[in-house]
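Following: one structure in structure tokens, then a few remarks.
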Amino acid sequence: MNSEYTKLDINKSLKKIGIKKKDILYVSANLINFGLSKKIYYKKLPKTVFDEIYKIIGKEGTIMVPSHTFNLVNTNKIFNPYKTKSISGSFSNYIIENKKFYRQFHPYASISGVGKYAKYICEYKNNDVYGLGCPFEKLIELNAKFISLGMEVNKNCSQVHFLEKKFNVKYRFKKYFDHKILVNNKIIKKKFEMFVLKEKFRKIKRNENNKIFDNFYKKNKIKKHRLGQNWVYSYNLKNFYEITKKLFFKNKNVWLG
């Protein structure tokens, strides 16, 4: 998986997909898919990517990431919003381990971030993930860009679940979990909600959001640029929401394929 890309190549790729000063970004990444470069030590890659993004967006910009911890479901492990590692990849965990960050208070499906609007985006007092005023709604309101690093955009679009909740799709239901969390240095047990797939739909072969993105591609350009052995992608979250919302009005079961 060797690939000779450099910090300059990373910076160039980010600019090619339209990242600019003061941007608000929601970044989903699988950095290993770019391949290993002799120019960048692989353990330093998350920091290198973060630094190159920050160089472009500056102090007035915002970087948000998924910081999911689904591995805590049905366990007795305490969720510490400031220390519990994410299963969402090395880029997400670099921020959690090295930056002064903010995190949505949900033990299974949180968003974390740094920058000007990170605190505002993460402030959400409800016990669910995708309700009114949730981080995804704020990202849409703020005209944020979705950035995918090393993954096809149809395979990492959690924002689809925000639409599913908004349309109250019949193939999902609200499921509640009691989980221990750390709040103000005290461990408490609190009830949280997830909008989960019903049992009878779990074995259905779905199309990995292809119908949703086929529709989106027809009406909106997704920017992409080669980096190493994979691609970086960018699109506007508000555009995605408005276009896909119309599709859900026509067929709210489109996610099932």
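Letters A, B, ... mark the chains of the structure tokens in the order given; residue numbers begin at 1 per chain; ligand numbers begin at 1, in order shown.
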Name the residues in contact with Ser92 of chain A at a cut-off of 10 Å, using only C-alpha atoms, excluding same-chain residues fewer than 2 positions from it; report them as number ranges by chain. A: 27-30, 46, 50, 64-68, 85-90, 94-97, 111-113
Can you tell me, as a list in words, which residues in segment 91-175 of chain A count as alpha helix (DSSP H) by DSSP?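 Those in segment 91-175 of chain A that DSSP calls alpha helix (DSSP H) are Phe91, Ser92, Asn93, Tyr94, Ile95, Ile96, Glu97, Asn98, Ala118, Lys119, Tyr120, Ile121, Cys122, Pro135, Phe136, Glu137, Lys138, Leu139, Ile140, Glu141, Gln159, Val160, His161, Phe162, Leu163, Glu164, Lys165 and Lys166 of chain A.
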Return the single residue from A:Val153, A:Ile10, A:Val169, A:Ile212 that is closest to Lys39 of chain A, with distances computed using only C-alpha atoms. A:Ile10
Using only C-alpha atoms, find the one residue out of A:Phe201, A:Val160, A:Lys44, A:Phe173 that sits nearest to Ile243 of chain A.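 Smallest separation from Ile243 of chain A among the options: A:Val160.
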Using only C-alpha atoms, which residues sit within 12 Å of Lys200 of chain A once same-chain residues fewer than 3 positions away are excluded, as a list of chain:residue names? A:Lys170, A:Tyr171, A:Arg172, A:Phe173, A:Val196, A:Leu197, A:Lys203, A:Ile204, A:Lys205
Would you save the residues of that selection, restricted to N, CA and C atoms, as a PDB file, in the first residue's frame?
ATOM      1  N   LYS A 170     -40.824   3.992   8.861  1.00  0.00           N
ATOM      2  CA  LYS A 170     -41.477   2.886   9.564  1.00  0.00           C
ATOM      3  C   LYS A 170     -40.559   1.681   9.768  1.00  0.00           C
ATOM      4  N   TYR A 171     -39.379   1.684   9.121  1.00  0.00           N
ATOM      5  CA  TYR A 171     -38.476   0.552   9.282  1.00  0.00           C
ATOM      6  C   TYR A 171     -37.521   0.745  10.471  1.00  0.00           C
ATOM      7  N   ARG A 172     -37.648   1.874  11.156  1.00  0.00           N
ATOM      8  CA  ARG A 172     -36.863   2.108  12.380  1.00  0.00           C
ATOM      9  C   ARG A 172     -37.807   2.390  13.552  1.00  0.00           C
ATOM     10  N   PHE A 173     -37.293   2.252  14.750  1.00  0.00           N
ATOM     11  CA  PHE A 173     -38.083   2.571  15.936  1.00  0.00           C
ATOM     12  C   PHE A 173     -37.175   3.142  17.026  1.00  0.00           C
ATOM     13  N   VAL A 196     -33.297   2.855  15.800  1.00  0.00           N
ATOM     14  CA  VAL A 196     -32.653   1.645  15.302  1.00  0.00           C
ATOM     15  C   VAL A 196     -33.526   0.902  14.288  1.00  0.00           C
ATOM     16  N   LEU A 197     -32.866   0.060  13.512  1.00  0.00           N
ATOM     17  CA  LEU A 197     -33.538  -0.708  12.476  1.00  0.00           C
ATOM     18  C   LEU A 197     -34.351  -1.841  13.102  1.00  0.00           C
ATOM     19  N   LYS A 203     -31.911  -8.082   7.663  1.00  0.00           N
ATOM     20  CA  LYS A 203     -31.290  -9.013   6.711  1.00  0.00           C
ATOM     21  C   LYS A 203     -31.571  -8.639   5.255  1.00  0.00           C
ATOM     22  N   ILE A 204     -32.293  -7.552   5.062  1.00  0.00           N
ATOM     23  CA  ILE A 204     -32.553  -7.096   3.700  1.00  0.00           C
ATOM     24  C   ILE A 204     -31.265  -6.567   3.087  1.00  0.00           C
ATOM     25  N   LYS A 205     -30.962  -6.949   1.872  1.00  0.00           N
ATOM     26  CA  LYS A 205     -29.772  -6.445   1.185  1.00  0.00           C
ATOM     27  C   LYS A 205     -30.050  -5.023   0.701  1.00  0.00           C
TER      28      LYS A 205
END
For Val129 of chain A: contacts at 8 Å, only C-alpha atoms, fewer than 6 positions along chain excluded, given as JSON, numbers by chain: {"A": [106, 109, 110, 193, 194]}
Output the selection as a tab-separated table (two decimals), in the first residue's frame - all heavy atoms for each residue.
chain	number	residue	atom	x	y	z
A	106	HIS	N	-23.75	12.07	24.07
A	106	HIS	CA	-24.47	10.82	23.81
A	106	HIS	C	-23.46	9.69	23.84
A	106	HIS	O	-22.43	9.77	23.17
A	106	HIS	CB	-25.18	10.88	22.45
A	106	HIS	CG	-26.22	9.81	22.28
A	106	HIS	ND1	-25.88	8.49	22.08
A	106	HIS	CD2	-27.57	9.86	22.31
A	106	HIS	CE1	-27.00	7.78	21.96
A	106	HIS	NE2	-28.04	8.58	22.11
A	109	ALA	N	-23.51	7.70	19.87
A	109	ALA	CA	-23.47	8.31	18.53
A	109	ALA	C	-23.23	9.81	18.62
A	109	ALA	O	-24.09	10.61	18.27
A	109	ALA	CB	-24.77	8.04	17.79
A	110	SER	N	-22.06	10.18	19.08
A	110	SER	CA	-21.76	11.60	19.27
A	110	SER	C	-20.99	12.19	18.09
A	110	SER	O	-20.43	11.48	17.25
A	110	SER	CB	-20.93	11.79	20.55
A	110	SER	OG	-19.68	11.15	20.44
A	193	GLU	N	-31.71	7.57	23.81
A	193	GLU	CA	-32.50	7.01	22.71
A	193	GLU	C	-31.65	6.79	21.47
A	193	GLU	O	-30.76	7.57	21.15
A	193	GLU	CB	-33.63	7.99	22.36
A	193	GLU	CG	-34.49	7.55	21.17
A	193	GLU	CD	-35.35	8.68	20.62
A	193	GLU	OE1	-36.00	9.37	21.44
A	193	GLU	OE2	-35.36	8.87	19.39
A	194	MET	N	-31.95	5.69	20.76
A	194	MET	CA	-31.38	5.43	19.44
A	194	MET	C	-32.53	5.11	18.49
A	194	MET	O	-33.52	4.50	18.90
A	194	MET	CB	-30.41	4.26	19.49
A	194	MET	CG	-29.13	4.55	20.27
A	194	MET	SD	-27.97	5.58	19.36
A	194	MET	CE	-27.35	4.40	18.18
I need the residue nearest Lys16 of chain A from this list: A:Trp231, A:Trp255, A:Phe177, A:Tyr82. Use only C-alpha atoms for the distance.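 The answer is A:Trp231, which sits nearest to Lys16 of chain A.
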Contacts of Pro107 of chain A at 9 Å or less, counting only C-alpha atoms, minus same-chain residues fewer than 3 places along, as a PyMOL selection string? chain A and resi 68-70+72-73+78-81+104+110+179-181+192
Selection from above, N, CA, C and O atoms, as a PDB file, in the first residue's frame, can you write it?
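Output file again_4.pdb follows:
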ATOM      1  N   HIS A  68     -18.263   8.195  17.232  1.00  0.00           N
ATOM      2  CA  HIS A  68     -19.181   7.132  17.642  1.00  0.00           C
ATOM      3  C   HIS A  68     -18.519   6.134  18.597  1.00  0.00           C
ATOM      4  O   HIS A  68     -17.324   5.862  18.506  1.00  0.00           O
ATOM      5  N   THR A  69     -19.340   5.619  19.495  1.00  0.00           N
ATOM      6  CA  THR A  69     -18.883   4.621  20.461  1.00  0.00           C
ATOM      7  C   THR A  69     -19.946   3.529  20.602  1.00  0.00           C
ATOM      8  O   THR A  69     -20.391   3.203  21.702  1.00  0.00           O
ATOM      9  N   PHE A  70     -20.364   2.970  19.468  1.00  0.00           N
ATOM     10  CA  PHE A  70     -21.390   1.926  19.478  1.00  0.00           C
ATOM     11  C   PHE A  70     -20.918   0.689  20.243  1.00  0.00           C
ATOM     12  O   PHE A  70     -21.733  -0.142  20.660  1.00  0.00           O
ATOM     13  N   LEU A  72     -20.007   0.592  23.120  1.00  0.00           N
ATOM     14  CA  LEU A  72     -20.449   0.692  24.515  1.00  0.00           C
ATOM     15  C   LEU A  72     -21.869   0.187  24.729  1.00  0.00           C
ATOM     16  O   LEU A  72     -22.297   0.012  25.877  1.00  0.00           O
ATOM     17  N   VAL A  73     -22.602  -0.029  23.644  1.00  0.00           N
ATOM     18  CA  VAL A  73     -23.993  -0.494  23.775  1.00  0.00           C
ATOM     19  C   VAL A  73     -24.029  -1.829  24.512  1.00  0.00           C
ATOM     20  O   VAL A  73     -23.241  -2.746  24.236  1.00  0.00           O
ATOM     21  N   ILE A  78     -18.246   2.999  31.337  1.00  0.00           N
ATOM     22  CA  ILE A  78     -18.675   4.387  31.564  1.00  0.00           C
ATOM     23  C   ILE A  78     -18.273   5.254  30.379  1.00  0.00           C
ATOM     24  O   ILE A  78     -17.130   5.173  29.891  1.00  0.00           O
ATOM     25  N   PHE A  79     -19.203   6.069  29.923  1.00  0.00           N
ATOM     26  CA  PHE A  79     -18.897   7.016  28.849  1.00  0.00           C
ATOM     27  C   PHE A  79     -18.369   8.310  29.443  1.00  0.00           C
ATOM     28  O   PHE A  79     -19.059   9.000  30.186  1.00  0.00           O
ATOM     29  N   ASN A  80     -17.115   8.600  29.135  1.00  0.00           N
ATOM     30  CA  ASN A  80     -16.492   9.866  29.522  1.00  0.00           C
ATOM     31  C   ASN A  80     -16.330  10.703  28.265  1.00  0.00           C
ATOM     32  O   ASN A  80     -15.495  10.383  27.408  1.00  0.00           O
ATOM     33  N   PRO A  81     -17.128  11.769  28.087  1.00  0.00           N
ATOM     34  CA  PRO A  81     -17.099  12.529  26.834  1.00  0.00           C
ATOM     35  C   PRO A  81     -15.730  13.112  26.495  1.00  0.00           C
ATOM     36  O   PRO A  81     -15.453  13.396  25.327  1.00  0.00           O
ATOM     37  N   GLN A 104     -20.722  16.079  21.653  1.00  0.00           N
ATOM     38  CA  GLN A 104     -22.145  15.855  21.896  1.00  0.00           C
ATOM     39  C   GLN A 104     -22.304  14.826  23.018  1.00  0.00           C
ATOM     40  O   GLN A 104     -21.599  13.811  23.052  1.00  0.00           O
ATOM     41  N   SER A 110     -22.057  10.177  19.083  1.00  0.00           N
ATOM     42  CA  SER A 110     -21.756  11.597  19.275  1.00  0.00           C
ATOM     43  C   SER A 110     -20.990  12.191  18.090  1.00  0.00           C
ATOM     44  O   SER A 110     -20.429  11.483  17.254  1.00  0.00           O
ATOM     45  N   HIS A 179     -27.516   4.097  30.462  1.00  0.00           N
ATOM     46  CA  HIS A 179     -26.057   3.970  30.405  1.00  0.00           C
ATOM     47  C   HIS A 179     -25.393   4.891  31.419  1.00  0.00           C
ATOM     48  O   HIS A 179     -25.844   6.010  31.663  1.00  0.00           O
ATOM     49  N   LYS A 180     -24.281   4.407  31.966  1.00  0.00           N
ATOM     50  CA  LYS A 180     -23.511   5.204  32.920  1.00  0.00           C
ATOM     51  C   LYS A 180     -22.630   6.207  32.182  1.00  0.00           C
ATOM     52  O   LYS A 180     -21.930   5.855  31.230  1.00  0.00           O
ATOM     53  N   ILE A 181     -22.680   7.451  32.649  1.00  0.00           N
ATOM     54  CA  ILE A 181     -21.890   8.512  32.035  1.00  0.00           C
ATOM     55  C   ILE A 181     -21.212   9.337  33.127  1.00  0.00           C
ATOM     56  O   ILE A 181     -21.655   9.348  34.275  1.00  0.00           O
ATOM     57  N   PHE A 192     -30.934   7.032  27.271  1.00  0.00           N
ATOM     58  CA  PHE A 192     -30.639   7.587  25.955  1.00  0.00           C
ATOM     59  C   PHE A 192     -31.437   6.850  24.880  1.00  0.00           C
ATOM     60  O   PHE A 192     -31.770   5.671  25.035  1.00  0.00           O
TER      61      PHE A 192
END
Can you tell me, as a VMD selection string, which residues in segment 110-212 of chain A count as strand (DSSP E) by DSSP? chain A and resid 110 to 115 145 to 149 172 to 183 186 to 197
Tell me which protein, DNA and RNA residues are within 7 Å of Asn230 of chain A, counting only C-alpha atoms, leaving out same-chain ones fewer than 2 positions away, and put them as an MDAnalysis selection string. chainID A and resid 33:34 150 226:228
